[in-house]
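Encoded as structure tokens, the structure appears first; notes follow it.
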Amino acid sequence: MNNISRSIEAFSKAKELIPGGVNSPVRAFKSVGGNPLFISEAKGSKVWDIDGNCYIDFVASWGPMILGHAREEIVEAVRKAAEKGTSYGAPTLYENEMAELIISMVPSVEKVRMVNSGTEATMSALRLARAYTGRSKVIKFTGCFHGHADSFLIKAGSGVLTLGIPGSPGVTESVAKDTLTAEYNDLESVSKLFDAYGKDIAAVIVEPIPGNMGVILPKQGFLQGLRELTSKYGALLIFDEVISGFRVAPGGAQELYGIMPDLTTMGKITGGGLPVGAYGGRKDIMDMLAPEGPVYQAGTLSGNPLAMSAGIAALKILKNEPGIYKELDRKAARMEAGLREKLAETGTKGVINRVGSMLTLFFTSASEVCSFADAMTSDTDRYARHFNKALQAGVYFAPSQFEATFISTAHTDEDIDKAVECFKN
């Protein structure tokens with residue numbers, strides 16, 4: 001068993017200083033038991049805790065590290081930028097270059113605004129959609145997570161789901177009544193809401209590939225159906241590609257499935273491992289933002305030169321290196337196939353969902369996992385046992401059944417095979 005005495009001591013101290021001892025709830029290991037690891041460094045596919053234990057990392061900072069940790073080109077770009085200053089509160093050429101890259105890669109984006117987090121991106125996109133349409137209501141999907149803005153903490157995924165929180169105190173009834181919830185992969189549930197509230201619905205916001213109730217694949221026709229319904233009723237379609245953006249294809253899920261949303265939110269990979277968010281879309285919508293238009297949104301550190309330099313370096317690699325997504329898919333397919341063999345060998349009930357380099361193993365007797373209700377059939381105790389056995393073997397999966405496993409370019413076949421061998425009945 002790994003000695004994690006220093007992590008235990010650090011967590012005990014952290015709980016005296018920080019609510020729950022963590023700055024993002026799912027890090028606390030509450031759903032899997034045990035003590036969270038305090039990480040001291042990372043390189044390639046590995047992370048090291050403060051006790052010196054090494055782990056193969058499939059959390060990947062919850063998705064951003066598609067190129068592995070401390071990729072040389074990214075580190076060098078940040079170093080060069082930092083030597084010239086860390087923040088100016090003024091425009092820089094980095095911002096122009098980042099905007100050009102995003103617009104060139106994401107099919108639906110004609111203009112883009114940089115922010116500091118995925119939450120900031122989604123809450124800003126929602127405000128913009130309401131202003132553009134002059135309507136108040138928004139449709140979201142049960143189990144999808146769009147950050148912690150008030151409007152999105154209704155039947156949400158991610159840490160809200162992991163910790164079993166039904167919503168959140170502090171969200172007022174007046175805010176909640178403007179958030180309508182539908183079921184993912186169920187067009188009929190969306191259609192009924194439009195029948196009842198069509199003239200009041202500003203937007204439908206969706207993770208085109210949900211990654212916050214575990215990875216869920218869109219059924220054939222579902223995303224296209226959302227595009228058709230929103231167009232019919234004059235509402236906007238917002239793709240939350242904070243996770244799927246630049247992960248499943250250079251242009252995200254909208255490129256993979258051939259759907260053009262009106263607005264797209266981005267984060268994670270966009271910053272190359274530094275804090276970042278972005279939202280973009282059609283020019284006529286984006287031009288409503290101040291100072292061009294009346295919709296106000298601002299941020300002192302938006303377009304920060306360190307985050308921009310890291311993101312530019314990452315996106316250039318993803319855009320310009322041929323075969324990178326094919327190789328990521330090959331590695332993830334190797335893990336999927338290995339886990340399927342383990343399920344069969346041990347007689348364990350489970351479903352594996354995968355899109356490109358992101359996947360989830362659900363411990364469930366259901367025949368498929370296509371919705372929040374399906375995901376909720378998972379045996380979270382069984383997942384916790386799997387997580388802890390893997391951790392003791394030096395493999396770090398997400399400390400929640402309802403998160404994704406992420407493959408990076410830095411993972412080797414040996415890394416993946418070791419992760420598979422951790423599976424025990």
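Chain labels follow the order of the structure tokens: the first chain is A, the next B, and so on; residue numbering restarts at 1 in every chain, and ligands are counted from 1 in their shown order.
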Exercise for review: Write out as a list of chain:residue names which residues come within 9 Å of A:Phe222 when counting only C-alpha atoms, dropping same-chain ones fewer than 6 positions away.
Suggested key: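 Contacts, with the query itself left out: A:Tyr184, A:Asn185, A:Asp186, A:Leu187.
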Give me the residues within 10 Å of A:Ala77 as a compact mmCIF listing (two decimals) with all heavy atoms, in the first residue's frame, counting only C-alpha atoms and dropping any in the same chain fewer than 2 places off.
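Result file follows (around.txt):
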# COMPACT_ATOMS: atom_id res chain seq x y z
N GLU A 72 6.73 20.32 -23.70
CA GLU A 72 7.83 21.26 -23.83
C GLU A 72 7.44 22.54 -24.55
O GLU A 72 7.80 23.64 -24.12
CB GLU A 72 9.02 20.61 -24.57
CG GLU A 72 9.77 19.56 -23.77
CD GLU A 72 9.08 18.20 -23.72
OE1 GLU A 72 8.00 18.06 -24.35
OE2 GLU A 72 9.61 17.29 -23.07
N GLU A 73 6.69 22.43 -25.65
CA GLU A 73 6.32 23.62 -26.42
C GLU A 73 5.44 24.56 -25.59
O GLU A 73 5.56 25.80 -25.71
CB GLU A 73 5.56 23.23 -27.69
CG GLU A 73 6.37 22.40 -28.66
CD GLU A 73 6.13 20.91 -28.51
OE1 GLU A 73 6.00 20.44 -27.36
OE2 GLU A 73 6.06 20.22 -29.54
N ILE A 74 4.57 23.99 -24.75
CA ILE A 74 3.68 24.82 -23.94
C ILE A 74 4.46 25.49 -22.80
O ILE A 74 4.30 26.69 -22.54
CB ILE A 74 2.52 23.97 -23.39
CG1 ILE A 74 1.66 23.47 -24.57
CG2 ILE A 74 1.68 24.78 -22.41
CD1 ILE A 74 0.58 22.50 -24.18
N VAL A 75 5.31 24.72 -22.15
CA VAL A 75 6.12 25.27 -21.06
C VAL A 75 7.00 26.42 -21.58
O VAL A 75 7.11 27.48 -20.95
CB VAL A 75 7.00 24.18 -20.42
CG1 VAL A 75 8.00 24.79 -19.44
CG2 VAL A 75 6.13 23.15 -19.71
N ARG A 79 6.89 30.33 -20.51
CA ARG A 79 8.11 30.94 -19.96
C ARG A 79 8.44 32.25 -20.68
O ARG A 79 8.72 33.28 -20.06
CB ARG A 79 9.29 29.98 -20.08
CG ARG A 79 10.58 30.50 -19.44
CD ARG A 79 11.78 29.63 -19.79
NE ARG A 79 12.09 29.66 -21.21
CZ ARG A 79 12.74 30.66 -21.81
NH1 ARG A 79 13.13 31.72 -21.11
NH2 ARG A 79 12.99 30.62 -23.11
N LYS A 80 8.37 32.21 -22.00
CA LYS A 80 8.69 33.40 -22.79
C LYS A 80 7.69 34.52 -22.50
O LYS A 80 8.08 35.70 -22.41
CB LYS A 80 8.69 33.06 -24.28
CG LYS A 80 9.89 32.26 -24.73
CD LYS A 80 9.85 32.01 -26.23
CE LYS A 80 11.09 31.27 -26.71
NZ LYS A 80 11.05 30.99 -28.16
N ALA A 81 6.43 34.17 -22.38
CA ALA A 81 5.41 35.18 -22.09
C ALA A 81 5.61 35.77 -20.70
O ALA A 81 5.52 36.99 -20.51
CB ALA A 81 4.01 34.58 -22.22
N ALA A 82 5.89 34.90 -19.71
CA ALA A 82 6.04 35.37 -18.32
C ALA A 82 7.22 36.31 -18.17
O ALA A 82 7.18 37.25 -17.35
CB ALA A 82 6.19 34.18 -17.38
N LEU A 306 -0.36 34.70 -20.31
CA LEU A 306 0.15 33.36 -20.03
C LEU A 306 -0.82 32.29 -20.54
O LEU A 306 -0.41 31.31 -21.18
CB LEU A 306 0.38 33.18 -18.53
CG LEU A 306 1.35 34.14 -17.85
CD1 LEU A 306 1.62 33.68 -16.42
CD2 LEU A 306 2.65 34.25 -18.62
N ALA A 307 -2.10 32.48 -20.26
CA ALA A 307 -3.10 31.52 -20.72
C ALA A 307 -3.18 31.50 -22.24
O ALA A 307 -3.30 30.43 -22.86
CB ALA A 307 -4.46 31.84 -20.12
N MET A 308 -3.10 32.67 -22.86
CA MET A 308 -3.16 32.73 -24.32
C MET A 308 -1.95 32.05 -24.95
O MET A 308 -2.08 31.30 -25.92
CB MET A 308 -3.23 34.18 -24.79
CG MET A 308 -4.50 34.94 -24.40
SD MET A 308 -6.04 34.23 -25.04
CE MET A 308 -6.54 33.19 -23.64
N SER A 309 -0.76 32.28 -24.39
CA SER A 309 0.44 31.66 -24.97
C SER A 309 0.38 30.15 -24.85
O SER A 309 0.75 29.42 -25.79
CB SER A 309 1.69 32.21 -24.29
OG SER A 309 1.74 31.87 -22.91
N ALA A 310 -0.09 29.64 -23.71
CA ALA A 310 -0.22 28.19 -23.53
C ALA A 310 -1.25 27.62 -24.49
O ALA A 310 -1.03 26.57 -25.12
CB ALA A 310 -0.59 27.87 -22.09
N GLY A 311 -2.40 28.29 -24.59
CA GLY A 311 -3.46 27.81 -25.47
C GLY A 311 -3.06 27.84 -26.93
O GLY A 311 -3.37 26.91 -27.69
N ILE A 312 -2.38 28.88 -27.34
CA ILE A 312 -1.92 28.96 -28.73
C ILE A 312 -0.98 27.80 -29.05
O ILE A 312 -1.11 27.14 -30.09
CB ILE A 312 -1.22 30.31 -28.97
CG1 ILE A 312 -2.25 31.45 -28.97
CG2 ILE A 312 -0.44 30.30 -30.29
CD1 ILE A 312 -1.64 32.83 -28.85
N ALA A 313 -0.04 27.53 -28.15
CA ALA A 313 0.89 26.43 -28.37
C ALA A 313 0.16 25.10 -28.48
O ALA A 313 0.46 24.28 -29.37
CB ALA A 313 1.92 26.38 -27.24
N ALA A 314 -0.82 24.88 -27.62
CA ALA A 314 -1.56 23.62 -27.64
C ALA A 314 -2.40 23.49 -28.91
O ALA A 314 -2.38 22.44 -29.59
CB ALA A 314 -2.46 23.51 -26.41
**Study point:** Every residue of stretch 332-413 of chain A that DSSP places in strand (DSSP E or B), as a PyMOL selection string
**Key:** chain A and resi 351-355+358-362+395-396+405-406
**Study point:** Neighbour list for A:Glu41 as a list in words, cut-off 12 Å, only C-alpha atoms, skip fewer than 5 positions in-chain
**Key:**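 Neighbouring residues, sequence-local ones excluded: Lys46, Val47, Trp48, Asp49, Ile50, Asp51, Gly52, Asn53, Cys54, Tyr55, Asp57, His69 and Ala70 of chain A.
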Go ahead and dump the residues you just picked, N, CA, C and O atoms, as a PDB file, in the first residue's frame.
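The resulting file, again_4.pdb, is shown below:
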ATOM      1  N   LYS A  46       2.312  11.048 -16.352  1.00  0.00           N
ATOM      2  CA  LYS A  46       2.471  10.731 -14.926  1.00  0.00           C
ATOM      3  C   LYS A  46       2.257  11.962 -14.031  1.00  0.00           C
ATOM      4  O   LYS A  46       2.533  13.091 -14.434  1.00  0.00           O
ATOM      5  N   VAL A  47       1.778  11.679 -12.814  1.00  0.00           N
ATOM      6  CA  VAL A  47       1.763  12.672 -11.740  1.00  0.00           C
ATOM      7  C   VAL A  47       2.426  12.056 -10.518  1.00  0.00           C
ATOM      8  O   VAL A  47       2.423  10.834 -10.344  1.00  0.00           O
ATOM      9  N   TRP A  48       3.002  12.907  -9.666  1.00  0.00           N
ATOM     10  CA  TRP A  48       3.634  12.477  -8.431  1.00  0.00           C
ATOM     11  C   TRP A  48       2.989  13.195  -7.263  1.00  0.00           C
ATOM     12  O   TRP A  48       2.756  14.418  -7.317  1.00  0.00           O
ATOM     13  N   ASP A  49       2.654  12.445  -6.196  1.00  0.00           N
ATOM     14  CA  ASP A  49       2.094  13.105  -5.017  1.00  0.00           C
ATOM     15  C   ASP A  49       3.222  13.576  -4.098  1.00  0.00           C
ATOM     16  O   ASP A  49       4.407  13.310  -4.350  1.00  0.00           O
ATOM     17  N   ILE A  50       2.861  14.285  -3.044  1.00  0.00           N
ATOM     18  CA  ILE A  50       3.878  14.891  -2.175  1.00  0.00           C
ATOM     19  C   ILE A  50       4.608  13.862  -1.325  1.00  0.00           C
ATOM     20  O   ILE A  50       5.602  14.191  -0.671  1.00  0.00           O
ATOM     21  N   ASP A  51       4.128  12.604  -1.344  1.00  0.00           N
ATOM     22  CA  ASP A  51       4.847  11.519  -0.675  1.00  0.00           C
ATOM     23  C   ASP A  51       5.816  10.819  -1.619  1.00  0.00           C
ATOM     24  O   ASP A  51       6.503   9.877  -1.220  1.00  0.00           O
ATOM     25  N   GLY A  52       5.834  11.256  -2.882  1.00  0.00           N
ATOM     26  CA  GLY A  52       6.762  10.686  -3.853  1.00  0.00           C
ATOM     27  C   GLY A  52       6.217   9.531  -4.665  1.00  0.00           C
ATOM     28  O   GLY A  52       6.949   8.934  -5.457  1.00  0.00           O
ATOM     29  N   ASN A  53       4.929   9.191  -4.479  1.00  0.00           N
ATOM     30  CA  ASN A  53       4.323   8.107  -5.257  1.00  0.00           C
ATOM     31  C   ASN A  53       4.018   8.582  -6.679  1.00  0.00           C
ATOM     32  O   ASN A  53       3.545   9.708  -6.883  1.00  0.00           O
ATOM     33  N   CYS A  54       4.245   7.710  -7.637  1.00  0.00           N
ATOM     34  CA  CYS A  54       4.007   8.023  -9.045  1.00  0.00           C
ATOM     35  C   CYS A  54       2.742   7.307  -9.528  1.00  0.00           C
ATOM     36  O   CYS A  54       2.496   6.139  -9.189  1.00  0.00           O
ATOM     37  N   TYR A  55       1.936   8.016 -10.321  1.00  0.00           N
ATOM     38  CA  TYR A  55       0.686   7.457 -10.841  1.00  0.00           C
ATOM     39  C   TYR A  55       0.572   7.761 -12.334  1.00  0.00           C
ATOM     40  O   TYR A  55       0.923   8.852 -12.788  1.00  0.00           O
ATOM     41  N   ASP A  57      -1.717   8.995 -15.002  1.00  0.00           N
ATOM     42  CA  ASP A  57      -2.821   9.933 -14.805  1.00  0.00           C
ATOM     43  C   ASP A  57      -3.825   9.873 -15.947  1.00  0.00           C
ATOM     44  O   ASP A  57      -3.503  10.222 -17.084  1.00  0.00           O
ATOM     45  N   HIS A  69       1.244  16.204 -19.562  1.00  0.00           N
ATOM     46  CA  HIS A  69       1.676  17.254 -18.647  1.00  0.00           C
ATOM     47  C   HIS A  69       3.016  17.844 -19.065  1.00  0.00           C
ATOM     48  O   HIS A  69       3.909  17.129 -19.542  1.00  0.00           O
ATOM     49  N   ALA A  70       3.149  19.139 -18.847  1.00  0.00           N
ATOM     50  CA  ALA A  70       4.424  19.844 -19.042  1.00  0.00           C
ATOM     51  C   ALA A  70       5.008  19.604 -20.433  1.00  0.00           C
ATOM     52  O   ALA A  70       6.209  19.375 -20.587  1.00  0.00           O
TER      53      ALA A  70
END
Exercise for review: Would you please work out which residue, of A:Ile56, A:Gly273, A:Asp287, A:Met123, is nearest to A:Lys418 when using only C-alpha atoms?
Suggested key: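 When distances to A:Lys418 are compared using only C-alpha atoms, the smallest one comes from A:Ile56.
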Check your understanding: For A:Phe372, which residue among A:Thr405, A:Thr142, A:Ser191, A:Ser40 is the nearest when counting only C-alpha atoms?
Key ->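 Closest to A:Phe372 of all the choices is A:Thr142.
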